[in-house]
Structures are given as structure tokens and as C-alpha cells.
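Data file: input13.cif. Format and content: mmCIF, C-alpha atoms.
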data_work
#
loop_
_atom_site.label_atom_id
_atom_site.label_comp_id
_atom_site.auth_asym_id
_atom_site.auth_seq_id
_atom_site.Cartn_x
_atom_site.Cartn_y
_atom_site.Cartn_z
CA MET A 329 0.00 0.00 0.00
CA THR A 330 1.15 3.52 -0.83
CA VAL A 331 0.35 6.25 1.71
CA VAL A 332 0.02 9.92 0.72
CA LEU A 333 -0.09 12.81 3.18
CA GLN A 334 -1.86 15.70 1.47
CA ILE A 335 -1.09 19.11 2.93
CA SER A 336 -2.87 22.08 1.41
CA ASP A 337 -3.00 25.81 2.09
CA PRO A 338 -0.58 25.96 5.04
CA HIS A 339 -0.16 29.70 4.33
CA PHE A 340 3.22 30.09 6.03
CA GLY A 341 3.13 33.55 7.53
CA THR A 342 -0.11 32.63 9.30
CA GLU A 343 0.93 29.19 10.59
CA ARG A 344 0.01 28.00 14.09
CA PRO A 345 2.80 26.52 16.26
CA MET A 346 0.42 23.96 17.74
CA ALA A 347 -0.58 22.70 14.29
CA LEU A 348 3.06 22.57 13.16
CA ALA A 349 3.99 20.33 16.07
CA ALA A 350 0.92 18.14 15.59
CA LEU A 351 1.55 17.66 11.88
CA GLU A 352 5.20 16.81 12.45
CA ARG A 353 4.11 14.14 14.91
CA LEU A 354 1.48 12.78 12.52
CA ALA A 355 4.02 12.48 9.70
CA ALA A 356 6.41 10.64 12.02
CA GLU A 357 3.66 8.16 12.91
CA LEU A 358 2.30 7.64 9.39
CA ARG A 359 5.65 7.63 7.58
CA PRO A 360 3.96 8.49 4.25
CA ASP A 361 5.49 7.42 0.96
CA LEU A 362 4.55 10.76 -0.63
CA LEU A 363 4.10 14.26 0.75
CA LEU A 364 1.67 16.09 -1.55
CA LEU A 365 1.46 19.89 -1.21
CA THR A 366 -1.46 21.32 -3.18
CA GLY A 367 -0.66 25.01 -3.15
CA ASP A 368 -0.88 28.21 -1.13
CA ILE A 369 2.26 27.25 0.71
CA THR A 370 2.75 30.87 1.78
CA GLN A 371 0.53 33.78 2.65
CA ARG A 372 2.27 36.47 0.59
CA ALA A 373 5.05 34.66 -1.32
CA ARG A 374 7.74 36.33 0.79
CA PRO A 375 11.22 34.79 0.90
CA ASP A 376 11.12 34.24 4.66
CA GLN A 377 7.75 32.48 4.37
CA PHE A 378 9.08 30.15 1.69
CA ALA A 379 12.17 29.50 3.81
CA ARG A 380 10.03 28.50 6.81
CA ALA A 381 7.88 26.30 4.61
CA ARG A 382 10.86 24.48 3.12
CA ALA A 383 12.44 23.98 6.54
CA PHE A 384 9.21 22.47 7.87
CA VAL A 385 8.75 20.19 4.85
CA ASP A 386 12.29 18.90 5.31
CA LYS A 387 11.49 18.05 8.95
CA LEU A 388 8.71 15.69 7.81
CA HIS A 389 11.30 13.38 6.19
CA ALA A 390 9.01 12.06 3.45
CA PRO A 391 10.94 9.93 0.93
CA ALA A 392 9.12 11.66 -1.96
CA ARG A 393 7.34 14.97 -2.35
CA LEU A 394 5.18 16.52 -5.04
CA VAL A 395 4.64 20.26 -4.70
CA ILE A 396 2.50 22.58 -6.82
CA PRO A 397 2.01 26.34 -6.30
CA GLY A 398 -1.17 28.15 -5.32
CA ASN A 399 -2.26 31.68 -6.14
CA HIS A 400 -0.78 32.95 -2.86
CA ASP A 401 2.63 31.66 -3.94
CA ILE A 402 2.89 34.38 -6.61
CA PRO A 403 3.86 37.83 -5.23
CA LEU A 404 0.83 40.09 -4.99
CA PHE A 405 2.36 43.44 -4.07
CA ALA A 406 5.84 42.99 -5.61
CA LEU A 407 4.58 43.80 -9.10
CA PHE A 408 8.01 43.64 -10.76
CA SER A 409 8.50 40.07 -9.53
CA ARG A 410 4.93 39.10 -10.38
CA MET A 411 5.29 40.18 -13.98
CA LEU A 412 8.86 39.12 -14.79
CA ASP A 413 9.50 36.13 -12.52
CA PRO A 414 6.25 35.15 -10.79
CA TYR A 415 7.58 31.81 -9.55
CA GLY A 416 11.11 32.92 -8.71
CA ARG A 417 10.64 32.92 -4.94
CA TYR A 418 8.78 29.61 -5.08
CA ALA A 419 11.58 28.12 -7.20
CA ARG A 420 14.29 29.08 -4.75
CA ALA A 421 12.53 27.00 -2.09
CA PHE A 422 11.04 24.13 -4.08
CA GLY A 423 12.67 24.15 -7.51
CA ARG A 424 11.73 25.44 -10.94
CA ALA A 425 9.44 22.52 -11.77
CA LEU A 426 5.84 23.69 -11.28
CA GLU A 427 4.37 20.35 -12.31
CA GLY A 428 5.46 16.78 -11.76
CA GLU A 429 4.33 13.28 -10.94
CA PHE A 430 4.73 10.41 -8.51
CA GLU A 431 4.34 6.77 -9.40
CA SER A 432 4.33 3.50 -7.49
CA GLU A 433 2.90 0.10 -8.32
CA ASP A 434 -0.52 1.07 -7.00
CA LEU A 435 -0.59 4.87 -7.41
CA LEU A 436 -0.10 7.55 -10.05
CA VAL A 437 -0.30 11.23 -9.05
CA ILE A 438 0.01 13.93 -11.72
CA GLY A 439 0.57 17.48 -10.45
CA LEU A 440 -0.61 20.49 -12.49
CA ASN A 441 0.08 24.20 -12.08
CA THR A 442 -3.33 25.88 -12.30
CA THR A 443 -2.16 29.34 -11.20
CA ARG A 444 -1.61 32.20 -13.63
CA ARG A 445 0.31 35.41 -12.99
CA TYR A 446 -2.47 37.43 -14.66
CA ARG A 447 -5.07 36.06 -12.23
CA HIS A 448 -5.09 37.22 -8.63
CA LYS A 449 -7.12 34.34 -7.27
CA HIS A 450 -8.79 32.19 -9.89
CA GLY A 451 -7.23 29.09 -11.38
CA GLU A 452 -7.19 27.85 -14.93
CA VAL A 453 -6.38 24.60 -16.72
CA SER A 454 -5.43 24.87 -20.39
CA SER A 455 -6.39 22.51 -23.22
CA ALA A 456 -2.70 21.59 -23.55
CA GLN A 457 -2.56 20.60 -19.88
CA VAL A 458 -5.77 18.59 -20.21
CA GLU A 459 -4.40 16.61 -23.13
CA ARG A 460 -0.99 16.10 -21.56
CA VAL A 461 -2.62 14.58 -18.48
CA ALA A 462 -4.91 12.41 -20.61
CA ARG A 463 -1.95 11.03 -22.53
CA ARG A 464 -0.14 10.20 -19.31
CA LEU A 465 -3.23 8.52 -17.86
CA ALA A 466 -3.37 6.31 -20.94
CA THR A 467 0.01 4.84 -19.98
CA ALA A 468 -0.91 4.14 -16.34
CA LYS A 469 -0.33 0.64 -15.02
CA PRO A 470 -3.31 -1.64 -14.40
CA GLY A 471 -4.43 -1.39 -10.79
CA GLN A 472 -3.00 2.08 -10.14
CA LEU A 473 -5.16 4.64 -8.34
CA ARG A 474 -4.96 7.64 -10.69
CA LEU A 475 -5.05 11.13 -9.18
CA ILE A 476 -4.63 14.61 -10.68
CA ALA A 477 -3.45 17.24 -8.19
CA VAL A 478 -4.47 20.89 -8.76
CA HIS A 479 -4.93 23.88 -6.48
CA GLN A 480 -8.43 25.20 -7.20
CA PRO A 481 -11.41 22.82 -6.92
CA VAL A 482 -13.34 21.23 -9.80
CA ALA A 483 -16.48 20.89 -7.64
CA VAL A 484 -17.75 22.63 -4.50
CA PRO A 485 -20.49 21.71 -2.02
CA SER A 486 -21.95 25.21 -1.68
CA ALA A 487 -23.05 27.94 -4.08
CA THR A 488 -21.01 30.44 -2.08
CA ASP A 489 -17.84 28.87 -3.51
CA LEU A 490 -18.86 28.68 -7.16
CA LYS A 491 -16.64 31.68 -7.85
CA ASN A 492 -13.62 29.65 -6.71
CA LEU A 493 -14.05 26.84 -9.24
CA LEU A 494 -11.23 26.01 -11.62
CA ARG A 495 -11.63 27.55 -15.07
CA GLY A 496 -11.76 24.86 -17.76
CA ARG A 497 -12.92 22.20 -15.32
CA GLU A 498 -15.80 20.83 -17.41
CA ALA A 499 -13.66 19.85 -20.37
CA ALA A 500 -10.89 18.64 -18.07
CA VAL A 501 -13.09 16.36 -15.96
CA ARG A 502 -14.77 14.81 -19.00
CA ARG A 503 -11.50 14.18 -20.80
CA TRP A 504 -9.74 12.81 -17.72
CA ALA A 505 -12.65 10.52 -16.94
CA GLU A 506 -12.43 9.11 -20.47
CA ALA A 507 -8.69 8.59 -19.91
CA GLY A 508 -9.23 6.68 -16.66
CA ALA A 509 -8.75 9.19 -13.83
CA ASP A 510 -10.14 8.33 -10.41
CA ALA A 511 -10.03 11.71 -8.64
CA VAL A 512 -8.98 15.34 -8.83
CA VAL A 513 -7.27 16.41 -5.60
CA GLY A 514 -7.03 20.05 -4.53
CA GLY A 515 -7.37 22.76 -1.92
CA HIS A 516 -7.78 26.57 -2.15
CA ILE A 517 -11.06 27.07 -0.26
CA HIS A 518 -9.94 25.67 3.13
CA LEU A 519 -12.76 23.11 3.29
CA PRO A 520 -12.23 19.33 3.37
CA TYR A 521 -14.69 17.13 1.46
CA VAL A 522 -15.05 14.30 -1.05
CA LEU A 523 -17.67 14.66 -3.80
CA PRO A 524 -18.69 12.17 -6.51
CA LEU A 525 -18.37 14.01 -9.82
CA ARG A 526 -21.07 11.96 -11.52
CA GLU A 527 -23.55 13.96 -9.45
CA ARG A 528 -22.36 17.03 -11.38
CA TRP A 529 -21.76 15.31 -14.71
CA PRO A 530 -23.99 12.19 -14.97
CA GLU A 531 -22.66 11.45 -18.44
CA LEU A 532 -19.13 10.67 -17.18
CA PRO A 533 -18.10 7.22 -18.43
CA ARG A 534 -16.78 6.11 -15.02
CA PRO A 535 -16.97 7.12 -11.35
CA MET A 536 -14.68 10.03 -10.49
CA TRP A 537 -14.23 12.13 -7.37
CA ALA A 538 -13.28 15.60 -6.20
CA VAL A 539 -11.06 15.31 -3.11
CA GLN A 540 -10.42 18.54 -1.23
CA ALA A 541 -8.24 19.29 1.79
CA GLY A 542 -8.68 22.02 4.38
CA THR A 543 -5.96 24.36 5.58
CA ALA A 544 -3.25 22.32 7.24
CA LEU A 545 -1.58 24.93 9.44
CA SER A 546 -3.06 28.39 9.02
CA THR A 547 -5.18 30.52 11.31
CA ARG A 548 -7.42 31.07 8.25
CA VAL A 549 -9.85 28.24 8.99
CA ARG A 550 -13.39 28.20 7.59
CA GLY A 551 -16.78 26.84 8.55
CA GLY A 552 -15.79 25.97 12.09
CA ILE A 553 -13.47 23.25 10.75
CA PRO A 554 -10.06 23.11 12.46
CA ASN A 555 -6.74 22.60 10.71
CA SER A 556 -7.10 19.52 8.55
CA VAL A 557 -5.10 17.26 6.23
CA ASN A 558 -5.90 14.25 4.05
CA VAL A 559 -4.30 10.83 4.15
CA ILE A 560 -4.82 8.89 0.92
CA ARG A 561 -4.16 5.16 0.87
CA ALA A 562 -3.77 3.31 -2.42
CA GLY A 563 -3.87 -0.48 -2.48
CA SER A 564 -4.50 -3.18 -5.04
CA GLY A 565 -7.51 -2.93 -7.30
CA ARG A 566 -7.71 0.91 -7.47
CA ALA A 567 -9.88 1.03 -4.34
CA GLY A 568 -8.32 4.12 -2.79
CA VAL A 569 -9.27 5.43 0.63
CA VAL A 570 -9.32 9.12 1.60
CA GLU A 571 -9.07 9.86 5.31
CA ARG A 572 -9.70 13.29 6.77
CA TRP A 573 -7.57 14.12 9.81
CA ASP A 574 -8.43 17.19 11.92
CA VAL A 575 -6.35 18.69 14.69
CA ASP A 576 -7.68 18.35 18.23
CA GLU A 577 -6.56 21.54 19.90
CA SER A 578 -7.18 20.20 23.40
CA VAL A 579 -4.38 17.65 23.01
CA GLY A 580 -2.43 19.12 20.10
CA LEU A 581 -2.79 16.06 17.85
CA PHE A 582 -4.32 15.25 14.48
CA HIS A 583 -6.94 12.50 14.61
CA ARG A 584 -8.98 10.76 11.91
CA VAL A 585 -12.56 12.01 11.68
CA ALA A 586 -13.79 10.58 8.34
CA SER A 587 -12.92 7.95 5.75
CA THR A 588 -14.22 7.61 2.19
CA THR A 589 -13.56 4.72 -0.19
CA LEU A 590 -13.14 5.73 -3.83
CA ALA A 591 -14.98 2.69 -5.13
#
Could you rewrite the structure in this file as C-alpha cells?
Amino acid sequence: MTVVLQISDPHFGTERPMALAALERLAAELRPDLLLLTGDITQRARPDQFARARAFVDKLHAPARLVIPGNHDIPLFALFSRMLDPYGRYARAFGRALEGEFESEDLLVIGLNTTRRYRHKHGEVSSAQVERVARRLATAKPGQLRLIAVHQPVAVPSATDLKNLLRGREAAVRRWAEAGADAVVGGHIHLPYVLPLRERWPELPRPMWAVQAGTALSTRVRGGIPNSVNVIRAGSGRAGVVERWDVDESVGLFHRVASTTLA
């Protein structure tokens, strides 16, 4: 079995010491095969925030990591940097690659950069990205759980978050479902949930899911939900399991509060 620890929206610059300590302990106990960071690593893309984020990630000692940027990881007020080198500060901490993948015998994760320097908040997936992912999905091994990691969500549970949906999601979800994807994994809105995408698009040729993580470390929690991360377990037969782990502030530990099988 391959274990993934998904951390989203830590927003270094607003991180909570209690949550930092709790997440470090959780990682030590789980010993995940992959650390997946789905964007908004920093609050304002400042060098010191990226430095703190990288130092913390290193302390988790995951044997593999897949990191993609969020809209907060592009400088907002440093306009010169935003226009000429929007990912420069991100790159100095996590490398120039804004997309990547992880593969094991039972898991394939494809990371996409859905941020754009000309968008302050909203995300976008291009037709070229959609096709590139579809081609890669076509070469997946039998039995692999197949995940696409983005920052902005492809589905939301409430009308209040419709404005936060990923641009280009309809074409992307349909094409990726045809190519064999099991789920699109993201963050951005600081709410953890798992939604079956056939409820949005009944014509999809196979079951597919939207898997969202809350904010792992930040004070910017929403909906009364505490700091939260996802643990994704991939085993034989593509029957992945998504576990939601919330922090219990009374004891300073993350604990599992929900589990969903991606049947």
C-alpha cells in the first residue's frame, strides 16, 4: 500500500505553532510514501515564508514529495517580480518545476500548475494541460489509483464557492474521466470534502471524485473546521481510501474524523 499525506493551504506567515507540532508528529507516525502539497504554501510569497515552509517540509522526512504552487505563492504586491519572474521565490525554495508526478505500483499522481500570474485568485487549466494529463493517464499501469493534483477545486459543495471553481474544469473532468482518472485532488477554499463528480456530470463514463483538503496549518480556517489534512491510501484494485484528519486543539494532535472509499 502507498500512503500519501496531502497538505494544502498551510499559508506560512499565518501558521500555528500547535498545528506545526501536531503535523510533524502525525508524519512521524504515518511515515507516508509521498508528501503532496497542493498550493498556497505561503501567505504572501515572501522569501522568509518560503524558507520557513521548506524547513518544515524537510522536517517531515518524506521519501518523496510533489509540490505545486497556489495563487498565494505568486507575489501580490511585488509587481516587478509578479510580472517578470512570478515563480522565482517559489523556485528558490522548491525548484523550478511547477508540475510533476509520482508513481508506485498502486498509485499515479500527476501534479498540475493551475495558477496564472495574470489572475489574482482564480485558477485555470489549459487545453494543452488537459491533453498532456490524458496522454499520461493512458500509460498508467493496471491497478493504479490515478489522481490529478491541482490547487483550485473542480467541484464545490456550496453555491457560495462557485466563484472559486477552476476555469476549464468541465472539459478537463470529462477528458480525464475518459482517460481513466479516479479523482482530482485540490485545496484553495480551506474546506475538506469528497464529492462524486457523476452527481455534477452524470454522463461521465466512469466514477470520479473531487477530493479537497482544508488548511493544514493556518489561522485562516473556515466553517468551524479546524486545521485539517488528508491521508490517501492506495492499495491493489484501485480502491483508494481518503481519510480526513483534523487537529484536536485540546491535546495538540491530528486525529482521523472521516474515511471515504473511492470505489
Would you write out, as a PDB file with C-alpha atoms, keeping the file's coordinate frame, every residue that the PyMOL selection byres ((chain A and resi 430-436) around 12) captures in this file?
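What ended up in out.pdb:
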ATOM      1  CA  MET A 329       0.000   0.000   0.000  1.00  0.00           C
ATOM      2  CA  THR A 330       1.150   3.520  -0.830  1.00  0.00           C
ATOM      3  CA  VAL A 331       0.350   6.250   1.710  1.00  0.00           C
ATOM      4  CA  VAL A 332       0.020   9.920   0.720  1.00  0.00           C
ATOM      5  CA  ASP A 361       5.490   7.420   0.960  1.00  0.00           C
ATOM      6  CA  LEU A 362       4.550  10.760  -0.630  1.00  0.00           C
ATOM      7  CA  LEU A 363       4.100  14.260   0.750  1.00  0.00           C
ATOM      8  CA  LEU A 364       1.670  16.090  -1.550  1.00  0.00           C
ATOM      9  CA  PRO A 391      10.940   9.930   0.930  1.00  0.00           C
ATOM     10  CA  ALA A 392       9.120  11.660  -1.960  1.00  0.00           C
ATOM     11  CA  ARG A 393       7.340  14.970  -2.350  1.00  0.00           C
ATOM     12  CA  LEU A 394       5.180  16.520  -5.040  1.00  0.00           C
ATOM     13  CA  VAL A 395       4.640  20.260  -4.700  1.00  0.00           C
ATOM     14  CA  GLU A 427       4.370  20.350 -12.310  1.00  0.00           C
ATOM     15  CA  GLY A 428       5.460  16.780 -11.760  1.00  0.00           C
ATOM     16  CA  GLU A 429       4.330  13.280 -10.940  1.00  0.00           C
ATOM     17  CA  VAL A 437      -0.300  11.230  -9.050  1.00  0.00           C
ATOM     18  CA  ILE A 438       0.010  13.930 -11.720  1.00  0.00           C
ATOM     19  CA  GLY A 439       0.570  17.480 -10.450  1.00  0.00           C
ATOM     20  CA  VAL A 461      -2.620  14.580 -18.480  1.00  0.00           C
ATOM     21  CA  ARG A 464      -0.140  10.200 -19.310  1.00  0.00           C
ATOM     22  CA  LEU A 465      -3.230   8.520 -17.860  1.00  0.00           C
ATOM     23  CA  ALA A 466      -3.370   6.310 -20.940  1.00  0.00           C
ATOM     24  CA  THR A 467       0.010   4.840 -19.980  1.00  0.00           C
ATOM     25  CA  ALA A 468      -0.910   4.140 -16.340  1.00  0.00           C
ATOM     26  CA  LYS A 469      -0.330   0.640 -15.020  1.00  0.00           C
ATOM     27  CA  PRO A 470      -3.310  -1.640 -14.400  1.00  0.00           C
ATOM     28  CA  GLY A 471      -4.430  -1.390 -10.790  1.00  0.00           C
ATOM     29  CA  GLN A 472      -3.000   2.080 -10.140  1.00  0.00           C
ATOM     30  CA  LEU A 473      -5.160   4.640  -8.340  1.00  0.00           C
ATOM     31  CA  ARG A 474      -4.960   7.640 -10.690  1.00  0.00           C
ATOM     32  CA  LEU A 475      -5.050  11.130  -9.180  1.00  0.00           C
ATOM     33  CA  ILE A 476      -4.630  14.610 -10.680  1.00  0.00           C
ATOM     34  CA  ALA A 477      -3.450  17.240  -8.190  1.00  0.00           C
ATOM     35  CA  GLY A 508      -9.230   6.680 -16.660  1.00  0.00           C
ATOM     36  CA  ALA A 509      -8.750   9.190 -13.830  1.00  0.00           C
ATOM     37  CA  ASP A 510     -10.140   8.330 -10.410  1.00  0.00           C
ATOM     38  CA  ALA A 511     -10.030  11.710  -8.640  1.00  0.00           C
ATOM     39  CA  VAL A 512      -8.980  15.340  -8.830  1.00  0.00           C
ATOM     40  CA  ILE A 560      -4.820   8.890   0.920  1.00  0.00           C
ATOM     41  CA  ARG A 561      -4.160   5.160   0.870  1.00  0.00           C
ATOM     42  CA  ALA A 562      -3.770   3.310  -2.420  1.00  0.00           C
ATOM     43  CA  GLY A 563      -3.870  -0.480  -2.480  1.00  0.00           C
ATOM     44  CA  SER A 564      -4.500  -3.180  -5.040  1.00  0.00           C
ATOM     45  CA  GLY A 565      -7.510  -2.930  -7.300  1.00  0.00           C
ATOM     46  CA  ARG A 566      -7.710   0.910  -7.470  1.00  0.00           C
ATOM     47  CA  ALA A 567      -9.880   1.030  -4.340  1.00  0.00           C
ATOM     48  CA  GLY A 568      -8.320   4.120  -2.790  1.00  0.00           C
ATOM     49  CA  VAL A 569      -9.270   5.430   0.630  1.00  0.00           C
TER      50      VAL A 569
END
Margin query: Calculated over only C-alpha atoms, which of the candidates A:Arg548, A:Glu343, A:Leu333, A:Val513 has the smallest distance to Leu358 of chain A?
Written below: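 Among A:Arg548, A:Glu343, A:Leu333, A:Val513, it is A:Leu333 that comes nearest to Leu358 of chain A.
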Next item on the list: Grab the atom CA of Val579 of chain A to atom CA of Ala350 of chain A distance for me, in Å with one decimal place.
Entry: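 These two atoms are separated by 9.1 Å.
Interatomic distance, atom CA of Ser409 of chain A to atom CA of Ser546 of chain A: 24.8 Å.
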Each side padded by 8 Å, which centre and which edge lengths in Å (one decimal) define the axis-aligned box around the listed atoms of segment 363-380 of chain A? Give them as AutoDock Vina command-line options.
--center_x 5.4 --center_y 25.4 --center_z 1.8 --size_x 29.6 --size_y 38.2 --size_z 26.0
Note to self: Can you translate the PyMOL selection byres ((chain A and resi 449) around 9) into the concrete residues it hits in this file, as a ChimeraX atom specification?
What the structure shows: /A:398-400,443-444,447-448,450-451,492
Checklist line | Evaluate the PyMOL selection byres ((chain A and resi 518-531) around 6) and report residues as a list in words | finding: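 Listing what the PyMOL selection byres ((chain A and resi 518-531) around 6) selects in the shown file: His516, Ile517, Leu532, Met536, Trp537, Ala538, Val539, Gln540, Ala541, Gly542 and Thr543 of chain A.
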Item checked: Distance criterion (only C-alpha atoms): nearest to Arg463 of chain A out of A:Val549, A:Val385, A:Ala507, A:Leu351 ->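 Among the listed residues, A:Ala507 lies closest to Arg463 of chain A.
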Next item on the list: Identify, on the basis of only C-alpha atoms, every residue whose closest approach to Pro554 of chain A does not exceed 8 Å; exclude the query and any residue fewer than 4 positions from it along the same chain; express the result as an NGL selection string.
Entry: :A and (549-550 or 574-576)
Next item on the list: Figure out the distance between atom CA of Thr442 of chain A and atom CA of Phe384 of chain A, please, to one decimal in Å.
Entry: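 Computed distance, atom CA of Phe384 of chain A to atom CA of Thr442 of chain A, equals 24.0 Å.
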Check: Looking at A:Thr547, A:Pro403, A:Glu357, A:Pro397, which one is nearest to Gln480 of chain A, with distances taken over all atoms listed in the file?
Finding: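 Looking at the shortest contact to Gln480 of chain A, the residue is A:Pro397.
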Notebook entry, point to check: Which one of A:Val458, A:Leu545, A:Ala421, A:Ile335 sits closest to Gln377 of chain A if you count all atoms listed in the file?
Noted result: A:Ala421
Check: Which residue gives the smallest distance to Gly423 of chain A among A:His389, A:Arg382, A:Leu440, A:His339, with all atoms listed in the file counted?
Finding: A:Arg382
Check: Quick one: of A:Phe582, A:Asn441, A:Ala500, A:Ala544, who's nearest to Phe340 of chain A, counting all atoms listed in the file?
Finding: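 Looking only at the distances to Phe340 of chain A, the closest residue turns out to be A:Ala544.
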Provide segment 364-373 of chain A rebuilt to all heavy atoms, formatted as an mmCIF file, keeping the file's coordinate frame.
data_model
loop_
_atom_site.group_PDB
_atom_site.id
_atom_site.type_symbol
_atom_site.label_atom_id
_atom_site.label_comp_id
_atom_site.auth_asym_id
_atom_site.auth_seq_id
_atom_site.Cartn_x
_atom_site.Cartn_y
_atom_site.Cartn_z
ATOM 1 N N LEU A 364 2.296 15.351 -0.464
ATOM 2 C CA LEU A 364 1.670 16.090 -1.550
ATOM 3 C C LEU A 364 1.225 17.447 -1.043
ATOM 4 O O LEU A 364 0.353 17.539 -0.179
ATOM 5 C CB LEU A 364 0.465 15.307 -2.094
ATOM 6 C CG LEU A 364 -0.374 15.972 -3.178
ATOM 7 C CD1 LEU A 364 0.452 16.255 -4.425
ATOM 8 C CD2 LEU A 364 -1.598 15.110 -3.511
ATOM 9 N N LEU A 365 1.810 18.525 -1.592
ATOM 10 C CA LEU A 365 1.460 19.890 -1.210
ATOM 11 C C LEU A 365 0.682 20.522 -2.363
ATOM 12 O O LEU A 365 1.230 20.742 -3.447
ATOM 13 C CB LEU A 365 2.703 20.735 -0.924
ATOM 14 C CG LEU A 365 3.297 20.643 0.489
ATOM 15 C CD1 LEU A 365 3.985 19.308 0.674
ATOM 16 C CD2 LEU A 365 4.277 21.776 0.727
ATOM 17 N N THR A 366 -0.608 20.819 -2.117
ATOM 18 C CA THR A 366 -1.460 21.320 -3.180
ATOM 19 C C THR A 366 -1.695 22.824 -3.083
ATOM 20 O O THR A 366 -2.816 23.311 -3.138
ATOM 21 C CB THR A 366 -2.799 20.560 -3.211
ATOM 22 O OG1 THR A 366 -3.328 20.458 -1.885
ATOM 23 C CG2 THR A 366 -2.621 19.166 -3.762
ATOM 24 N N GLY A 367 -0.612 23.578 -2.948
ATOM 25 C CA GLY A 367 -0.660 25.010 -3.150
ATOM 26 C C GLY A 367 -0.943 25.875 -1.940
ATOM 27 O O GLY A 367 -1.267 25.401 -0.858
ATOM 28 N N ASP A 368 -0.803 27.177 -2.168
ATOM 29 C CA ASP A 368 -0.880 28.210 -1.130
ATOM 30 C C ASP A 368 0.020 27.844 0.048
ATOM 31 O O ASP A 368 -0.394 27.812 1.218
ATOM 32 C CB ASP A 368 -2.317 28.454 -0.680
ATOM 33 C CG ASP A 368 -3.068 29.376 -1.633
ATOM 34 O OD1 ASP A 368 -2.452 29.831 -2.636
ATOM 35 O OD2 ASP A 368 -4.253 29.652 -1.405
ATOM 36 N N ILE A 369 1.254 27.598 -0.287
ATOM 37 C CA ILE A 369 2.260 27.250 0.710
ATOM 38 C C ILE A 369 2.543 28.448 1.603
ATOM 39 O O ILE A 369 2.798 28.304 2.790
ATOM 40 C CB ILE A 369 3.532 26.766 -0.007
ATOM 41 C CG1 ILE A 369 3.202 25.532 -0.853
ATOM 42 C CG2 ILE A 369 4.645 26.445 0.989
ATOM 43 C CD1 ILE A 369 4.252 25.210 -1.882
ATOM 44 N N THR A 370 2.480 29.637 1.028
ATOM 45 C CA THR A 370 2.750 30.870 1.780
ATOM 46 C C THR A 370 1.535 31.777 1.771
ATOM 47 O O THR A 370 0.599 31.592 0.989
ATOM 48 C CB THR A 370 3.941 31.628 1.164
ATOM 49 O OG1 THR A 370 3.570 32.070 -0.154
ATOM 50 C CG2 THR A 370 5.180 30.750 1.087
ATOM 51 N N GLN A 371 1.586 32.792 2.605
ATOM 52 C CA GLN A 371 0.530 33.780 2.650
ATOM 53 C C GLN A 371 0.750 34.894 1.635
ATOM 54 O O GLN A 371 -0.192 35.324 0.967
ATOM 55 C CB GLN A 371 0.423 34.375 4.064
ATOM 56 C CG GLN A 371 -0.577 35.503 4.216
ATOM 57 C CD GLN A 371 -2.020 35.088 3.958
ATOM 58 O OE1 GLN A 371 -2.330 33.905 3.861
ATOM 59 N NE2 GLN A 371 -2.914 36.060 3.850
ATOM 60 N N ARG A 372 2.001 35.352 1.499
ATOM 61 C CA ARG A 372 2.270 36.470 0.590
ATOM 62 C C ARG A 372 3.522 36.250 -0.258
ATOM 63 O O ARG A 372 4.113 37.210 -0.733
ATOM 64 C CB ARG A 372 2.409 37.773 1.389
ATOM 65 C CG ARG A 372 1.091 38.367 1.838
ATOM 66 C CD ARG A 372 0.299 38.935 0.659
ATOM 67 N NE ARG A 372 -1.037 39.367 1.034
ATOM 68 C CZ ARG A 372 -2.153 38.716 0.705
ATOM 69 N NH1 ARG A 372 -2.078 37.589 0.010
ATOM 70 N NH2 ARG A 372 -3.328 39.162 1.075
ATOM 71 N N ALA A 373 3.923 34.992 -0.440
ATOM 72 C CA ALA A 373 5.050 34.660 -1.320
ATOM 73 C C ALA A 373 6.324 35.414 -0.945
ATOM 74 O O ALA A 373 7.130 35.759 -1.810
ATOM 75 C CB ALA A 373 4.689 34.936 -2.779
#
